[in-house]
Amino acid sequence: MCADLVKTICPFCGVGCGICLKVDEQGQLLSVEPQQNHPISQGKLCDKGWSTAYAINSDQRLTQPLKRINKSFYPISWQEALTTIADELTAIIDESGSQAVGVISSARASNEDNYAAQKFARAVLKTNNIDHCARICHSPTVAGLKQSLGSGAMTNSAKDILETDLMLVFGADPTENHSILGGHIMQAHAQGTELIVVDPRVTRLAKLTPMHLQLKLGSNIALINALLHVIIKEQWFDQRFVESRTQGFEQLAKHVKDITPESVESTTGVSAELIRTTARAYSHAKRAMIFYGMGITQYVSGTNNVISLANLALTCGHIGKAGTGVNPLRGQNNVQGACDMGCLPNVYPGYQAVAELENQEKFSKAWGTKVTQQAGLTSLGMTKAAQSGDFRALLLFGEDPVVTDPDQNHVQSSLKNLDLFVVAELTMTETAKLADIILPAASFAEKDGTFTNCERRVQKVNQAIAPLGEAKGDWQWLQALAKEMGSKLLNWQSSEDVFNEMAALTPPYQAMTYQKITDNSGLQWPCTNETPNGTTILHQQSFPIGRARFICVNQVDIDESTDDNYPLLLTTNRLHFHYGCGSMTRNSPLLERETPPGVLFINPIDAKALNINHQAPVSIKSRRGYVETRAMFSDDVPVGLVSMPYHFKEAPSNQLTNTAQDPVTKMPELKACAVVVAALAKDQVPKTIQQLQEGK
Ligand SMILES: Nc1nc2c(c(=O)[nH]1)N[C@H]1C(S)=C(S)[C@@H](COP(=O)(O)OP(=O)(O)OC[C@H]3O[C@@H](n4cnc5c(=O)[nH]c(N)nc54)[C@H](O)[C@@H]3O)O[C@H]1N2
Ligand SMILES: Nc1nc2c(c(=O)[nH]1)N[C@H]1C(S)=C(S)[C@@H](COP(=O)(O)OP(=O)(O)OC[C@H]3O[C@@H](n4cnc5c(=O)[nH]c(N)nc54)[C@H](O)[C@@H]3O)O[C@H]1N2
Ligand code: SF4
Ligand SMILES: [Mo]
């Protein structure tokens, strides 16, 4: 019998759909339903949203702390776990200093958990070594849009999709990855809104429009500069907007003067004619929205790619109004929030720069302890420093870098080199298997708190069931650990206490309270005393930096090119039915039956040349690693390009990926590397990476 229906938020992607968890009288989770009147999802959910109960009710859940001795894990009490961690952390800091320890937090956990994580790092451990998966996701958005516009977030709102005239989807696959928004885009297009897709693969949206620019991998800036060239040469730009709201246009005009569509045809693979048609359509639309994703950010040129898109929108004045904007489709349910909370080495909550003395003083005063001035390491910086032994202890929660970070062999050897590795997780992930201590974490259904979705909407997450077994919420175990280390600085009675402390220190969240968030079905930041009801559209009157900046950027080639030994390019993407490392979605039999456990998409022309049949076993090798899986014929990938999702721990594409990084943000080039693909014997079952690593 149903005793309760608890309103909360889907724990998967950044759309932030509203769900209800149905709980029986014994406090057991029965099922999931959509919230009928939710501002974005309006009674709909995608397959993952419907399957959340499987993800958290699973018999795979960790229910007590575990300690590793050699290769086996043994249950221990929370007290023993906390004492062991506290003693070892203290000893390492005494010996090697605070730079040798750090925290990786989670864009899947709440704002409260993330605020606590960065405060634990900065106030208790005295280090700025705090980071999370945004590093390998939208860190170029945070850095790029900050330079161009003064704020690194989606400028508009989801509802604007139904108020625009043209949608330019650039390096994003929203029907698979932001499915409810992808549905809105399809709906708007069906009602006559123009759709342009820029993607090397033929995505579901690309199939709907004749305006598909199937560019070569990583040629974004060349293409955008050519679009700018046409728009400026033909005087199709918005002169009034450029003059009144921007700076640096003259230099930009000079910069793109010779970048004609013809001159980039061979770099981009897009015809000059299609570039001209696109330039005309985007600049002539009354209102046009840009949506972009990992096809822009996951390159060594990630930050410049983002800047380039900002240049395009600013040139045409498509910003600061309904139905316009530069809209990064933030990925994880709370990645916007984890960034807002300051889980990045260079900023405190609300993007207040760590390097500025005034901010150091503000946080030292607020927290009652002196914070360090020393610059922090990024997540990949911490794993790199672990190789040399300079970085010795890592607390990580709600991430599975062994599956999701580039160059798996490097990640595994770095994590093994740590003196202390603590993982707080829902289940035994590939990363948790390397931990010294594993802490059982409470899932979103077992927590109160908030998530901030991709349109900056801070939404209330409500506890529906008790934590499973001895599981604890992330801020709660961080607080307990701080106490064990003799610190009273993390001293809260409830999630609301954490939120209130955070809001007082985080200007864009200043006027938010739990009650107001609940009453308004979420509030979009900035929500300040001047804008108490939040802000649906950014930059309407001015930019946080006054005038927006045009910044000239040049095309940068992808780091790794093909050669005789590695003749194909590999890109990585997502599948609708699975999420991230798969540790949650793969617990659902409904989702699991939809895809094989690993797949390589290959054009039939390439496959034929390599003697590979549809669904046949294949090997894929890069300069860093080797995996085996099955081939799937697909005309959606062009000849010369193969593609793999990264959800499958059996056949992880991150065995192969390149760690070459964007110099500004250290974003690795997850979207391009060179590989060689070969047919395996017809009746051979592809070996999992675990079998390969154990030499079986
Ligand atoms: N089902 C599902 N949904 C998810 C996730 C998931 O794991 N599964 N993850 C969530 C997360 S964390 C994120 S960040 C988002 C990501 O969502 P998206 O940004 O949509 O992610 P991807 O599928 O990785 O890449 C997007 C597209 O970029 C294209 N691309 C590759 N290279 C280039 C290029 O040089 N130029 C252009 N223009 N395009 C290129 C790819 O072909 C692909 O179609 O999804 C979120 N939603
Ligand atoms: N090759 C390739 N690699 C990629 C990408 C790509 O496109 N290509 N995309 C990158 C991107 S954009 C991202 S964002 C990363 C994502 O990489 P990760 O963040 O490592 O991926 P997730 O699957 O989201 O892992 C989250 C983990 O958090 C756990 N979890 C969920 N909720 C909670 C909670 O409340 N508390 C705790 N403690 N744990 C919780 C889940 O069980 C899961 O194991 O992957 C990156 N890796
Ligand atoms: S679109 Fe995203 S937030 Fe909505 S139900 Fe699907 S996974 Fe959940
Ligand atoms: Mo992401």
# chains A, B, ... in the order shown; residues from 1 in each chain; ligands from 1

$ residues_near_ligand --ligand "ligand 4" --cutoff "12 Å" --atoms "only C-alpha atoms and all ligand atoms" --output "number ranges by chain"
A: 12-14, 106-108, 132-141, 172, 177-178, 293-295, 297-298, 328-336, 338, 399, 404-405, 454, 573-574, 579-581, 646, 667, 670

$ residues_around --residues "Gln28 of chain A" --least-positions-apart "2" --cutoff "12 Å" --atoms "only C-alpha atoms" --output "list in words"
Met1, Cys2, Ala3, Asp4, Leu5, Leu21, Lys22, Val23, Asp24, Glu25, Gln26, Leu30, Ser31, Ala53, Ile56, Asn57, Ala445, Glu446, Ala464, Ile465, Ala466, Pro467 and Leu468 of chain A

$ select_by_dssp --residues "segment 170-226 of chain A" --states "strand (DSSP E or B)" --output "PyMOL selection string"
chain A and resi 170+194-198+212-213

$ residues_near_ligand --ligand "ligand 3" --cutoff "7 Å" --atoms "only C-alpha atoms and all ligand atoms" --output "list of chain:residue names"
A:Cys10, A:Pro11, A:Phe12, A:Cys13, A:Gly14, A:Val15, A:Gly16, A:Cys17, A:Ser41, A:Leu45, A:Cys46, A:Asp47, A:Lys48, A:Gly49, A:Trp50, A:His178, A:Ser179, A:Ile180, A:Leu181, A:Asn333

$ write_last_selection --atoms "all heavy atoms" --output "short mmCIF file (atom, residue, chain, number, x, y, z; two decimals), in the first residue's frame"
data_model
loop_
_atom_site.label_atom_id
_atom_site.label_comp_id
_atom_site.auth_asym_id
_atom_site.auth_seq_id
_atom_site.Cartn_x
_atom_site.Cartn_y
_atom_site.Cartn_z
N CYS A 10 15.17 14.09 -10.29
CA CYS A 10 15.87 12.97 -10.92
C CYS A 10 17.38 13.10 -10.67
O CYS A 10 17.95 14.18 -10.83
CB CYS A 10 15.59 12.94 -12.42
SG CYS A 10 16.54 11.66 -13.27
N PRO A 11 18.05 11.99 -10.31
CA PRO A 11 19.48 12.08 -9.96
C PRO A 11 20.42 11.87 -11.14
O PRO A 11 21.62 11.70 -10.94
CB PRO A 11 19.63 10.92 -8.98
CG PRO A 11 18.71 9.88 -9.52
CD PRO A 11 17.53 10.63 -10.10
N PHE A 12 19.91 11.88 -12.37
CA PHE A 12 20.82 11.63 -13.49
C PHE A 12 21.26 12.93 -14.15
O PHE A 12 22.20 13.56 -13.70
CB PHE A 12 20.21 10.63 -14.48
CG PHE A 12 20.13 9.24 -13.92
CD1 PHE A 12 18.92 8.67 -13.59
CD2 PHE A 12 21.29 8.53 -13.67
CE1 PHE A 12 18.86 7.40 -13.03
CE2 PHE A 12 21.24 7.25 -13.11
CZ PHE A 12 20.02 6.69 -12.79
N CYS A 13 20.57 13.39 -15.18
CA CYS A 13 21.19 14.46 -15.96
C CYS A 13 20.78 15.87 -15.52
O CYS A 13 19.88 16.04 -14.70
CB CYS A 13 20.95 14.25 -17.45
SG CYS A 13 19.43 14.97 -18.06
N GLY A 14 21.42 16.86 -16.10
CA GLY A 14 21.26 18.25 -15.71
C GLY A 14 19.93 18.89 -16.08
O GLY A 14 19.70 20.05 -15.75
N VAL A 15 19.04 18.15 -16.77
CA VAL A 15 17.73 18.73 -17.05
C VAL A 15 17.00 18.96 -15.73
O VAL A 15 16.33 19.96 -15.54
CB VAL A 15 16.91 17.82 -18.00
CG1 VAL A 15 15.52 18.39 -18.21
CG2 VAL A 15 17.63 17.67 -19.34
N GLY A 16 17.17 18.00 -14.81
CA GLY A 16 16.56 18.18 -13.48
C GLY A 16 15.06 17.97 -13.47
O GLY A 16 14.31 18.80 -12.92
N CYS A 17 14.61 16.87 -14.06
CA CYS A 17 13.17 16.60 -14.10
C CYS A 17 12.63 16.31 -12.71
O CYS A 17 13.34 15.80 -11.85
CB CYS A 17 12.90 15.40 -15.00
SG CYS A 17 13.38 15.70 -16.71
N SER A 41 9.80 19.28 -16.78
CA SER A 41 9.42 17.95 -17.30
C SER A 41 7.91 17.79 -17.47
O SER A 41 7.48 16.91 -18.25
CB SER A 41 10.00 16.86 -16.42
OG SER A 41 9.77 17.12 -15.05
N LEU A 45 9.14 11.82 -18.10
CA LEU A 45 10.49 11.41 -17.69
C LEU A 45 11.08 10.60 -18.83
O LEU A 45 10.34 10.00 -19.61
CB LEU A 45 10.45 10.51 -16.45
CG LEU A 45 9.97 11.13 -15.13
CD1 LEU A 45 9.91 10.04 -14.06
CD2 LEU A 45 10.88 12.25 -14.69
N CYS A 46 12.41 10.56 -18.91
CA CYS A 46 13.00 9.65 -19.89
C CYS A 46 13.23 8.29 -19.24
O CYS A 46 12.97 8.11 -18.05
CB CYS A 46 14.30 10.24 -20.46
SG CYS A 46 15.74 9.99 -19.41
N ASP A 47 13.73 7.34 -20.01
CA ASP A 47 13.87 5.97 -19.49
C ASP A 47 14.71 5.89 -18.22
O ASP A 47 14.46 5.07 -17.36
CB ASP A 47 14.52 5.08 -20.56
CG ASP A 47 13.70 5.08 -21.83
OD1 ASP A 47 13.86 6.02 -22.63
OD2 ASP A 47 12.90 4.17 -22.00
N LYS A 48 15.74 6.74 -18.14
CA LYS A 48 16.59 6.68 -16.95
C LYS A 48 15.83 7.20 -15.73
O LYS A 48 15.90 6.62 -14.66
CB LYS A 48 17.88 7.51 -17.16
CG LYS A 48 18.78 6.93 -18.23
CD LYS A 48 19.99 7.80 -18.50
CE LYS A 48 19.66 9.15 -19.12
NZ LYS A 48 18.99 9.10 -20.45
N GLY A 49 15.10 8.29 -15.92
CA GLY A 49 14.31 8.85 -14.82
C GLY A 49 13.33 7.82 -14.27
O GLY A 49 13.21 7.62 -13.06
N TRP A 50 12.65 7.11 -15.18
CA TRP A 50 11.69 6.09 -14.74
C TRP A 50 12.39 4.95 -13.98
O TRP A 50 11.75 4.23 -13.21
CB TRP A 50 10.99 5.47 -15.97
CG TRP A 50 9.85 6.27 -16.51
CD1 TRP A 50 9.82 6.97 -17.67
CD2 TRP A 50 8.54 6.43 -15.93
NE1 TRP A 50 8.59 7.57 -17.85
CE2 TRP A 50 7.79 7.25 -16.80
CE3 TRP A 50 7.93 5.96 -14.76
CZ2 TRP A 50 6.46 7.61 -16.54
CZ3 TRP A 50 6.61 6.31 -14.50
CH2 TRP A 50 5.89 7.14 -15.39
N HIS A 178 20.01 14.70 -22.89
CA HIS A 178 19.17 15.62 -22.11
C HIS A 178 17.77 15.41 -22.66
O HIS A 178 17.14 16.30 -23.21
CB HIS A 178 19.61 17.08 -22.31
CG HIS A 178 20.99 17.37 -21.77
ND1 HIS A 178 22.13 17.12 -22.47
CD2 HIS A 178 21.38 17.88 -20.57
CE1 HIS A 178 23.19 17.47 -21.73
NE2 HIS A 178 22.75 17.92 -20.58
N SER A 179 17.30 14.18 -22.52
CA SER A 179 16.19 13.69 -23.35
C SER A 179 14.94 14.54 -23.29
O SER A 179 14.28 14.74 -24.30
CB SER A 179 15.86 12.26 -22.98
OG SER A 179 17.07 11.53 -22.94
N ILE A 180 14.60 15.04 -22.12
CA ILE A 180 13.37 15.83 -22.03
C ILE A 180 13.55 17.16 -22.78
O ILE A 180 12.67 17.57 -23.54
CB ILE A 180 12.95 16.03 -20.55
CG1 ILE A 180 12.56 14.66 -19.95
CG2 ILE A 180 11.83 17.05 -20.41
CD1 ILE A 180 11.36 13.97 -20.60
N LEU A 181 14.74 17.76 -22.67
CA LEU A 181 15.01 18.98 -23.47
C LEU A 181 15.10 18.62 -24.95
O LEU A 181 14.62 19.37 -25.81
CB LEU A 181 16.31 19.64 -23.04
CG LEU A 181 16.33 20.39 -21.72
CD1 LEU A 181 17.59 21.24 -21.62
CD2 LEU A 181 15.10 21.27 -21.60
N ASN A 333 23.30 15.92 -12.93
CA ASN A 333 22.19 16.50 -12.18
C ASN A 333 22.60 17.72 -11.36
O ASN A 333 21.85 18.66 -11.23
CB ASN A 333 21.58 15.45 -11.26
CG ASN A 333 22.59 14.83 -10.29
OD1 ASN A 333 23.74 14.60 -10.65
ND2 ASN A 333 22.17 14.57 -9.09
#

$ atom_distance --atom1 "atom CA of Pro645 of chain A" --atom2 "atom CA of Leu575 of chain A"
6.6 Å

$ closest_residue --among "A:Ile231, A:Met502, A:Ser72, A:Thr8" --to "Pro34 of chain A" --atoms "only C-alpha atoms"
A:Thr8

$ closest_residue --among "A:Leu490, A:Glu455, A:Ile85, A:Glu496" --to "Gly368 of chain A" --atoms "only C-alpha atoms"
A:Leu490

$ residues_around --residues "Gln247 of chain A" --least-positions-apart "3" --cutoff "7 Å" --atoms "only C-alpha atoms" --output "PDB file with N, CA and C atoms, in the first residue's frame"
ATOM      1  N   ARG A 547      30.815  45.421 -20.536  1.00  0.00           N
ATOM      2  CA  ARG A 547      30.632  45.031 -21.939  1.00  0.00           C
ATOM      3  C   ARG A 547      31.187  43.626 -22.147  1.00  0.00           C
ATOM      4  N   ALA A 548      30.479  42.840 -22.963  1.00  0.00           N
ATOM      5  CA  ALA A 548      30.997  41.504 -23.302  1.00  0.00           C
ATOM      6  C   ALA A 548      32.224  41.670 -24.189  1.00  0.00           C
ATOM      7  N   ARG A 549      33.106  40.667 -24.145  1.00  0.00           N
ATOM      8  CA  ARG A 549      34.373  40.787 -24.883  1.00  0.00           C
ATOM      9  C   ARG A 549      34.407  39.854 -26.083  1.00  0.00           C
ATOM     10  N   PHE A 550      34.763  40.401 -27.239  1.00  0.00           N
ATOM     11  CA  PHE A 550      35.133  39.547 -28.367  1.00  0.00           C
ATOM     12  C   PHE A 550      36.591  39.151 -28.156  1.00  0.00           C
TER      13      PHE A 550
END

$ closest_residue --among "A:Glu470, A:Glu484, A:Asp131, A:Glu669" --to "ligand 1" --atoms "only C-alpha atoms and all ligand atoms"
A:Glu669

$ select_by_dssp --residues "segment 85-127 of chain A" --states "helix (DSSP H, G or I)" --output "JSON, numbers by chain"
{"A": [85, 86, 87, 88, 89, 90, 91, 92, 93, 94, 95, 96, 98, 99, 100, 111, 112, 113, 114, 115, 116, 117, 118, 119, 120, 121, 122, 123, 124, 125]}

$ closest_residue --among "A:Ser619, A:Gln541, A:Asn156, A:Ser583" --to "Arg245 of chain A" --atoms "only C-alpha atoms"
A:Gln541

$ residues_around --residues "segment 595-612 of chain A" --least-positions-apart "3" --cutoff "7 Å" --atoms "only C-alpha atoms" --output "short mmCIF file (atom, residue, chain, number, x, y, z; two decimals) with N, CA, C and O atoms, in the first residue's frame"
data_model
loop_
_atom_site.label_atom_id
_atom_site.label_comp_id
_atom_site.auth_asym_id
_atom_site.auth_seq_id
_atom_site.Cartn_x
_atom_site.Cartn_y
_atom_site.Cartn_z
N GLU A 592 19.33 -2.31 -18.98
CA GLU A 592 20.43 -3.20 -19.33
C GLU A 592 20.10 -4.03 -20.58
O GLU A 592 20.97 -4.35 -21.37
N ALA A 616 30.43 -8.58 -34.86
CA ALA A 616 31.59 -9.47 -34.72
C ALA A 616 32.54 -8.94 -33.65
O ALA A 616 32.58 -7.74 -33.39
N THR A 629 35.74 -5.67 -27.89
CA THR A 629 34.28 -5.52 -27.79
C THR A 629 33.65 -6.03 -29.08
O THR A 629 34.30 -6.79 -29.82
N ARG A 630 32.42 -5.62 -29.36
CA ARG A 630 31.77 -6.04 -30.62
C ARG A 630 31.51 -4.83 -31.51
O ARG A 630 31.23 -3.75 -31.02
N ALA A 631 31.58 -5.07 -32.81
CA ALA A 631 31.36 -3.98 -33.77
C ALA A 631 29.86 -3.83 -34.05
O ALA A 631 29.13 -4.82 -34.08
N MET A 632 29.45 -2.62 -34.20
CA MET A 632 28.06 -2.33 -34.59
C MET A 632 28.13 -1.46 -35.84
O MET A 632 28.68 -0.35 -35.78
N PHE A 633 27.60 -1.96 -36.96
CA PHE A 633 27.63 -1.16 -38.19
C PHE A 633 26.73 0.06 -38.02
O PHE A 633 25.62 -0.05 -37.50
N SER A 634 27.22 1.19 -38.47
CA SER A 634 26.40 2.39 -38.39
C SER A 634 26.82 3.40 -39.45
O SER A 634 28.00 3.76 -39.53
N ASP A 635 25.85 3.85 -40.21
CA ASP A 635 26.15 4.93 -41.16
C ASP A 635 26.20 6.28 -40.47
O ASP A 635 26.50 7.29 -41.09
N VAL A 637 28.28 7.16 -38.22
CA VAL A 637 29.66 7.63 -38.11
C VAL A 637 30.27 7.64 -39.51
O VAL A 637 30.08 6.70 -40.28
N PRO A 638 30.98 8.72 -39.85
CA PRO A 638 31.53 8.79 -41.21
C PRO A 638 32.71 7.83 -41.39
O PRO A 638 33.26 7.33 -40.40
N VAL A 639 33.07 7.59 -42.62
CA VAL A 639 34.24 6.75 -42.93
C VAL A 639 35.48 7.38 -42.28
O VAL A 639 35.64 8.60 -42.30
N GLY A 640 36.30 6.56 -41.66
CA GLY A 640 37.53 7.07 -41.03
C GLY A 640 37.36 7.36 -39.55
O GLY A 640 38.34 7.60 -38.84
N VAL A 642 35.57 6.05 -35.87
CA VAL A 642 34.79 5.08 -35.10
C VAL A 642 34.41 5.73 -33.79
O VAL A 642 35.00 6.73 -33.38
N SER A 643 33.40 5.16 -33.13
CA SER A 643 32.90 5.80 -31.92
C SER A 643 32.55 4.75 -30.88
O SER A 643 32.05 3.67 -31.20
N MET A 644 32.84 5.10 -29.63
CA MET A 644 32.51 4.18 -28.51
C MET A 644 31.87 4.97 -27.38
O MET A 644 32.34 6.06 -27.05
N PHE A 648 30.75 1.41 -20.23
CA PHE A 648 30.86 -0.02 -19.96
C PHE A 648 32.21 -0.37 -19.36
O PHE A 648 33.24 -0.28 -20.02
N GLU A 650 33.36 -3.18 -18.78
CA GLU A 650 33.97 -4.35 -19.44
C GLU A 650 34.84 -3.92 -20.62
O GLU A 650 35.88 -4.50 -20.89
N ALA A 651 34.34 -2.90 -21.36
CA ALA A 651 35.05 -2.43 -22.55
C ALA A 651 35.16 -0.91 -22.47
O ALA A 651 34.49 -0.18 -23.19
N ALA A 678 40.88 -4.09 -35.27
CA ALA A 678 41.12 -5.35 -35.99
C ALA A 678 40.04 -6.37 -35.65
O ALA A 678 39.47 -6.34 -34.54
N ALA A 679 39.77 -7.26 -36.60
CA ALA A 679 38.80 -8.33 -36.36
C ALA A 679 39.44 -9.37 -35.45
O ALA A 679 40.62 -9.70 -35.60
#

$ closest_residue --among "A:Thr209, A:Ala480, A:Gly171, A:Ile130" --to "His189 of chain A" --atoms "only C-alpha atoms"
A:Thr209

$ closest_residue --among "A:Leu569, A:Leu377, A:Val230, A:Ile537" --to "ligand 1" --atoms "only C-alpha atoms and all ligand atoms"
A:Leu569

$ atom_distance --atom1 "atom CA of Tyr292 of chain A" --atom2 "atom CA of Gly342 of chain A"
23.0 Å

$ residues_around --residues "Met167 of chain A" --least-positions-apart "5" --cutoff "10 Å" --atoms "only C-alpha atoms" --output "list of chain:residue names"
A:Ile161, A:Ile185, A:Ala188, A:His189, A:Thr193, A:Glu194, A:Leu195, A:Ile196, A:Val197, A:Tyr282, A:Ala285, A:Arg287, A:Ala288, A:Met289, A:Ile290, A:Phe291, A:Gly323, A:Thr324

$ residues_around --residues "Thr528 of chain A" --least-positions-apart "3" --cutoff "7 Å" --atoms "only C-alpha atoms" --output "list in words"
Pro507, Pro508, Tyr509, Gln510, Ala511, Thr531 and Pro532 of chain A
